[in-house]
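Written out below as structure tokens is the structure these notes cover.
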Amino acid sequence: MDPPGPTKDEGVGSKGEMDLPVADPGPVRDEGELLRCPFCDSEAVYKLAQFLLPGLAAVCVDGTTGDLFRSPSDVAVDLRKEMVDSITQRSETFIAETEAAEQNGENEMSDDPYEIVSIFMDDFSRTKRNIIGHVSGWLLSDSREDKIDDFVQEMEMTRFWPLERREAIAEVLLRNVDIKTKFHCPDKYENEARLADHKAQCSFRPVTCPNEGCRAKVSVRCMQDHDAACLFKILQCEQNCEKRLLRRDMDRHCVTVCPMRPMKCPFGCDSSFPEHTLEEHCSESLQQHLLKVLQVIHKNDFTTEELKDSALRLEKCEDRGKLCKARDARSLANIVKDVEAKNFQCCTVSHVTIAG
């Protein structure tokens, strides 16, 4: 059994967290004493922060696989600091290296920040793998993936590396590798007054989603896209019933309980209609449904014309109301048999009376 991981008192909360930055949206002095706008694309920062935990888990698992004396939790604190230092240093020289490569006519490097940071993390991970960790069979195994997933869950449960601290690191990485400034504001100002004016209208400034229940913080420039996909957005039913519901509940509603959900005729005719109009359909198409049922009940006993005449008589009989209430072929067949039996008895009684 693996030894228990370090507790907060042993360093996960102190040594492990005090040396890692926390997001601070205050003004930052840049070269030439200019103040840099602190805003980044909130969703991009969040997405990048999500890469860090499984990345660290992979490093810890690969570095301790087969080790009888160390578990992933034993090395997590030290490896986290090493990994953050490594990928941050790589990110700081990334733009200069990219520009140099382009000038030398080398292949253009990716400008996707997620792909770039993933490369940094993979490179670091390779330096920390033990002998077993370098085996290709292990790297591609389900067992490795299971161990990584388990350790990610363990770190999440113990808040070993909280999201807000990962986001602070992700913001630094994003600024360093975002060559085309798609995900952060590049503007700089000579004093705090001008910076404050800019921040009030910066398209990268974070705002909280207004949909009740959604706690997402999104950059203003991305709010429209977020709103178009937000699971907490209240919408009119897509099938135009009177119900208004959360986007996350829409599919289930439309498939299970919506009165406007389309259904095929239960009697086998080619009609398709909203479920709430089933009663109307059964009434309007009664003769057609009766003909299908009679063809099954009597099979080869009658000609098609005789069956049509029988369906027409049944449609106009005094039991039409009962026949219309049938909602499937079996129940309609049972009612038809009862009506035919009753009519047969009436005819028999009538003949006996006349003969008498």
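In the structure tokens, the first chain shown is A, the next is B, and so on; residue numbers restart at 1 for each chain, and ligands run from 1 in the order shown.
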Requested in this report: Based on DSSP run over this structure's backbone, return all residues of stretch 29-232 of chain A in alpha helix (DSSP H), as a count of residues only.
Outcome: 122
Dump as a tab-separated table the rows for residues of stretch 214-236 of chain A within 7 Å of stretch 32-46 of chain A: closest atom pair and distance in Å with one decimal, only C-alpha atoms counted, ordered by chain and rising residue number.
residue	atom	partner	partner_atom	distance
A:Lys217	CA	A:Ser42	CA	6.4
A:Val218	CA	A:Ser42	CA	5.1
A:Ser219	CA	A:Asp41	CA	5.4
Selected residues written out, all heavy atoms, as a compact mmCIF listing (two decimals), in the first residue's frame:
# COMPACT_ATOMS: atom_id res chain seq x y z
N LYS A 217 -16.95 33.18 -14.90
CA LYS A 217 -16.46 34.53 -15.19
C LYS A 217 -15.88 34.50 -16.60
O LYS A 217 -15.02 33.68 -16.91
CB LYS A 217 -15.41 34.95 -14.17
CG LYS A 217 -15.99 35.28 -12.82
CD LYS A 217 -14.96 35.92 -11.90
CE LYS A 217 -15.60 36.35 -10.58
NZ LYS A 217 -14.60 36.99 -9.68
N VAL A 218 -16.37 35.41 -17.42
CA VAL A 218 -16.03 35.40 -18.84
C VAL A 218 -15.61 36.80 -19.25
O VAL A 218 -16.15 37.80 -18.76
CB VAL A 218 -17.24 34.95 -19.68
CG1 VAL A 218 -16.86 34.80 -21.14
CG2 VAL A 218 -17.82 33.67 -19.14
N SER A 219 -14.66 36.89 -20.16
CA SER A 219 -14.29 38.19 -20.71
C SER A 219 -15.47 38.75 -21.49
O SER A 219 -16.21 38.00 -22.13
CB SER A 219 -13.07 38.05 -21.63
OG SER A 219 -11.94 37.63 -20.89
Query raised in the report: What gap, in Å, lies between atom CA of A:Glu284 and atom CA of A:Cys265?
Result: 12.2 Å
Requested in this report: May I have the residues within 12 Å of A:Cys317 as a VMD selection string, using only C-alpha atoms and disregarding those fewer than 6 positions away in the same chain?
Outcome: chain A and resid 287 310 to 311 323 to 324 336 339 to 340 342 to 343
Requested in this report: From the DSSP assignment of the backbone, select every residue of stretch 171-271 of chain A that is strand (DSSP E), and format the answer as a list in words.
Outcome: Lys188, Tyr189, Pro206, Val207, Thr208, Lys217, Val218, Ser219, Ile234, Leu235, Gln236, Arg244, Leu245, Leu246, Pro262, Met263 and Lys264 of chain A
Can I get the selection written as an mmCIF file, in the first residue's frame, with C-alpha atoms?
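So part.cif came out as:
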data_model
loop_
_atom_site.group_PDB
_atom_site.id
_atom_site.type_symbol
_atom_site.label_atom_id
_atom_site.label_comp_id
_atom_site.auth_asym_id
_atom_site.auth_seq_id
_atom_site.Cartn_x
_atom_site.Cartn_y
_atom_site.Cartn_z
ATOM 1 C CA LYS A 188 0.048 49.683 -21.811
ATOM 2 C CA TYR A 189 -0.329 53.153 -20.282
ATOM 3 C CA PRO A 206 -13.997 39.736 -16.715
ATOM 4 C CA VAL A 207 -17.725 39.743 -15.987
ATOM 5 C CA THR A 208 -19.891 37.169 -14.237
ATOM 6 C CA LYS A 217 -16.456 34.526 -15.194
ATOM 7 C CA VAL A 218 -16.026 35.401 -18.835
ATOM 8 C CA SER A 219 -14.289 38.185 -20.710
ATOM 9 C CA ILE A 234 -33.420 29.819 -19.721
ATOM 10 C CA LEU A 235 -34.888 29.150 -23.153
ATOM 11 C CA GLN A 236 -38.220 28.560 -24.797
ATOM 12 C CA ARG A 244 -39.374 27.571 -20.534
ATOM 13 C CA LEU A 245 -36.416 25.686 -19.097
ATOM 14 C CA LEU A 246 -32.646 25.582 -18.654
ATOM 15 C CA PRO A 262 -42.920 14.141 -32.523
ATOM 16 C CA MET A 263 -44.285 10.621 -32.507
ATOM 17 C CA LYS A 264 -45.168 8.059 -35.143
#
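The space separating atom CA of A:Asp67 from atom CA of A:Phe124 comes to 19.7 Å.
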Query raised in the report: Can you list, as a list in words, every protein, DNA or RNA residue that comes within 7 Å of A:Phe267 when you count only C-alpha atoms, leaving out same-chain residues fewer than 4 positions away?
Result: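 Answer for this query is His289, Asp328 and Ala329 of chain A.
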Let's have the selection written as a JSON list (two decimals), in the first residue's frame, with N, CA and C atoms.
[["chain", "number", "residue", "atom", "x", "y", "z"],
["A", 289, "HIS", "N", -57.26, 3.21, -39.32],
["A", 289, "HIS", "CA", -56.77, 2.34, -38.25],
["A", 289, "HIS", "C", -57.62, 1.07, -38.16],
["A", 328, "ASP", "N", -53.57, 2.22, -29.27],
["A", 328, "ASP", "CA", -52.64, 1.33, -29.97],
["A", 328, "ASP", "C", -53.45, 0.23, -30.63],
["A", 329, "ALA", "N", -52.80, -0.54, -31.50],
["A", 329, "ALA", "CA", -53.49, -1.53, -32.31],
["A", 329, "ALA", "C", -54.11, -2.64, -31.46]]
Report summary line: Restricting to only C-alpha atoms, whichever of A:Pro266, A:Pro162, A:Leu231, A:Ala100 is closest to A:Met250 is A:Leu231
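Residues within 12 Å of A:Glu154, counting only C-alpha atoms and excluding same-chain residues fewer than 4 positions away, are Pro4, Gly5, Pro6, Leu53, Pro54, Ala57, Pro72, Ser73, Ala76, Lys147, Ile148, Asp149, Asp150, Thr158, Arg159, Phe160 and Trp161 of chain A.
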Just N, CA and C atoms for this one: save the residues we selected as a PDB file, in the first residue's frame.
ATOM      1  N   PRO A   4       0.653   7.355   2.931  1.00  0.00           N
ATOM      2  CA  PRO A   4      -0.236   8.505   2.757  1.00  0.00           C
ATOM      3  C   PRO A   4       0.523   9.724   2.274  1.00  0.00           C
ATOM      4  N   GLY A   5      -0.173  10.556   1.501  1.00  0.00           N
ATOM      5  CA  GLY A   5       0.454  11.765   0.968  1.00  0.00           C
ATOM      6  C   GLY A   5       0.673  12.793   2.051  1.00  0.00           C
ATOM      7  N   PRO A   6       1.448  13.804   1.754  1.00  0.00           N
ATOM      8  CA  PRO A   6       1.743  14.838   2.749  1.00  0.00           C
ATOM      9  C   PRO A   6       0.489  15.611   3.094  1.00  0.00           C
ATOM     10  N   LEU A  53      -3.166  20.309 -13.650  1.00  0.00           N
ATOM     11  CA  LEU A  53      -3.311  19.245 -12.645  1.00  0.00           C
ATOM     12  C   LEU A  53      -3.050  17.851 -13.227  1.00  0.00           C
ATOM     13  N   PRO A  54      -3.682  17.471 -14.336  1.00  0.00           N
ATOM     14  CA  PRO A  54      -3.348  16.153 -14.907  1.00  0.00           C
ATOM     15  C   PRO A  54      -1.908  16.084 -15.401  1.00  0.00           C
ATOM     16  N   ALA A  57       0.026  15.300 -12.352  1.00  0.00           N
ATOM     17  CA  ALA A  57      -0.258  13.918 -11.961  1.00  0.00           C
ATOM     18  C   ALA A  57       0.536  12.938 -12.819  1.00  0.00           C
ATOM     19  N   PRO A  72       3.178   8.799  -5.734  1.00  0.00           N
ATOM     20  CA  PRO A  72       3.019  10.110  -6.386  1.00  0.00           C
ATOM     21  C   PRO A  72       2.839  11.260  -5.398  1.00  0.00           C
ATOM     22  N   SER A  73       2.104  11.012  -4.313  1.00  0.00           N
ATOM     23  CA  SER A  73       1.872  12.086  -3.343  1.00  0.00           C
ATOM     24  C   SER A  73       3.138  12.486  -2.593  1.00  0.00           C
ATOM     25  N   ALA A  76       4.885  15.062  -5.023  1.00  0.00           N
ATOM     26  CA  ALA A  76       4.059  16.076  -5.683  1.00  0.00           C
ATOM     27  C   ALA A  76       4.505  17.501  -5.390  1.00  0.00           C
ATOM     28  N   LYS A 147      -4.138   5.427 -13.009  1.00  0.00           N
ATOM     29  CA  LYS A 147      -3.368   5.968 -11.884  1.00  0.00           C
ATOM     30  C   LYS A 147      -3.330   7.503 -11.941  1.00  0.00           C
ATOM     31  N   ILE A 148      -3.191   8.038 -13.145  1.00  0.00           N
ATOM     32  CA  ILE A 148      -3.179   9.498 -13.296  1.00  0.00           C
ATOM     33  C   ILE A 148      -4.531  10.073 -12.883  1.00  0.00           C
ATOM     34  N   ASP A 149      -5.617   9.466 -13.359  1.00  0.00           N
ATOM     35  CA  ASP A 149      -6.964   9.942 -13.006  1.00  0.00           C
ATOM     36  C   ASP A 149      -7.189   9.868 -11.500  1.00  0.00           C
ATOM     37  N   ASP A 150      -6.756   8.780 -10.895  1.00  0.00           N
ATOM     38  CA  ASP A 150      -6.943   8.626  -9.439  1.00  0.00           C
ATOM     39  C   ASP A 150      -6.181   9.697  -8.675  1.00  0.00           C
ATOM     40  N   THR A 158      -8.218  17.025  -1.844  1.00  0.00           N
ATOM     41  CA  THR A 158      -7.421  17.625  -0.770  1.00  0.00           C
ATOM     42  C   THR A 158      -7.066  19.090  -1.047  1.00  0.00           C
ATOM     43  N   ARG A 159      -7.537  19.593  -2.214  1.00  0.00           N
ATOM     44  CA  ARG A 159      -7.220  20.970  -2.629  1.00  0.00           C
ATOM     45  C   ARG A 159      -5.708  21.212  -2.578  1.00  0.00           C
ATOM     46  N   PHE A 160      -4.966  20.230  -3.031  1.00  0.00           N
ATOM     47  CA  PHE A 160      -3.514  20.315  -3.039  1.00  0.00           C
ATOM     48  C   PHE A 160      -3.031  21.485  -3.907  1.00  0.00           C
ATOM     49  N   TRP A 161      -3.710  21.674  -5.031  1.00  0.00           N
ATOM     50  CA  TRP A 161      -3.333  22.765  -5.937  1.00  0.00           C
ATOM     51  C   TRP A 161      -4.630  23.424  -6.398  1.00  0.00           C
TER      52      TRP A 161
END
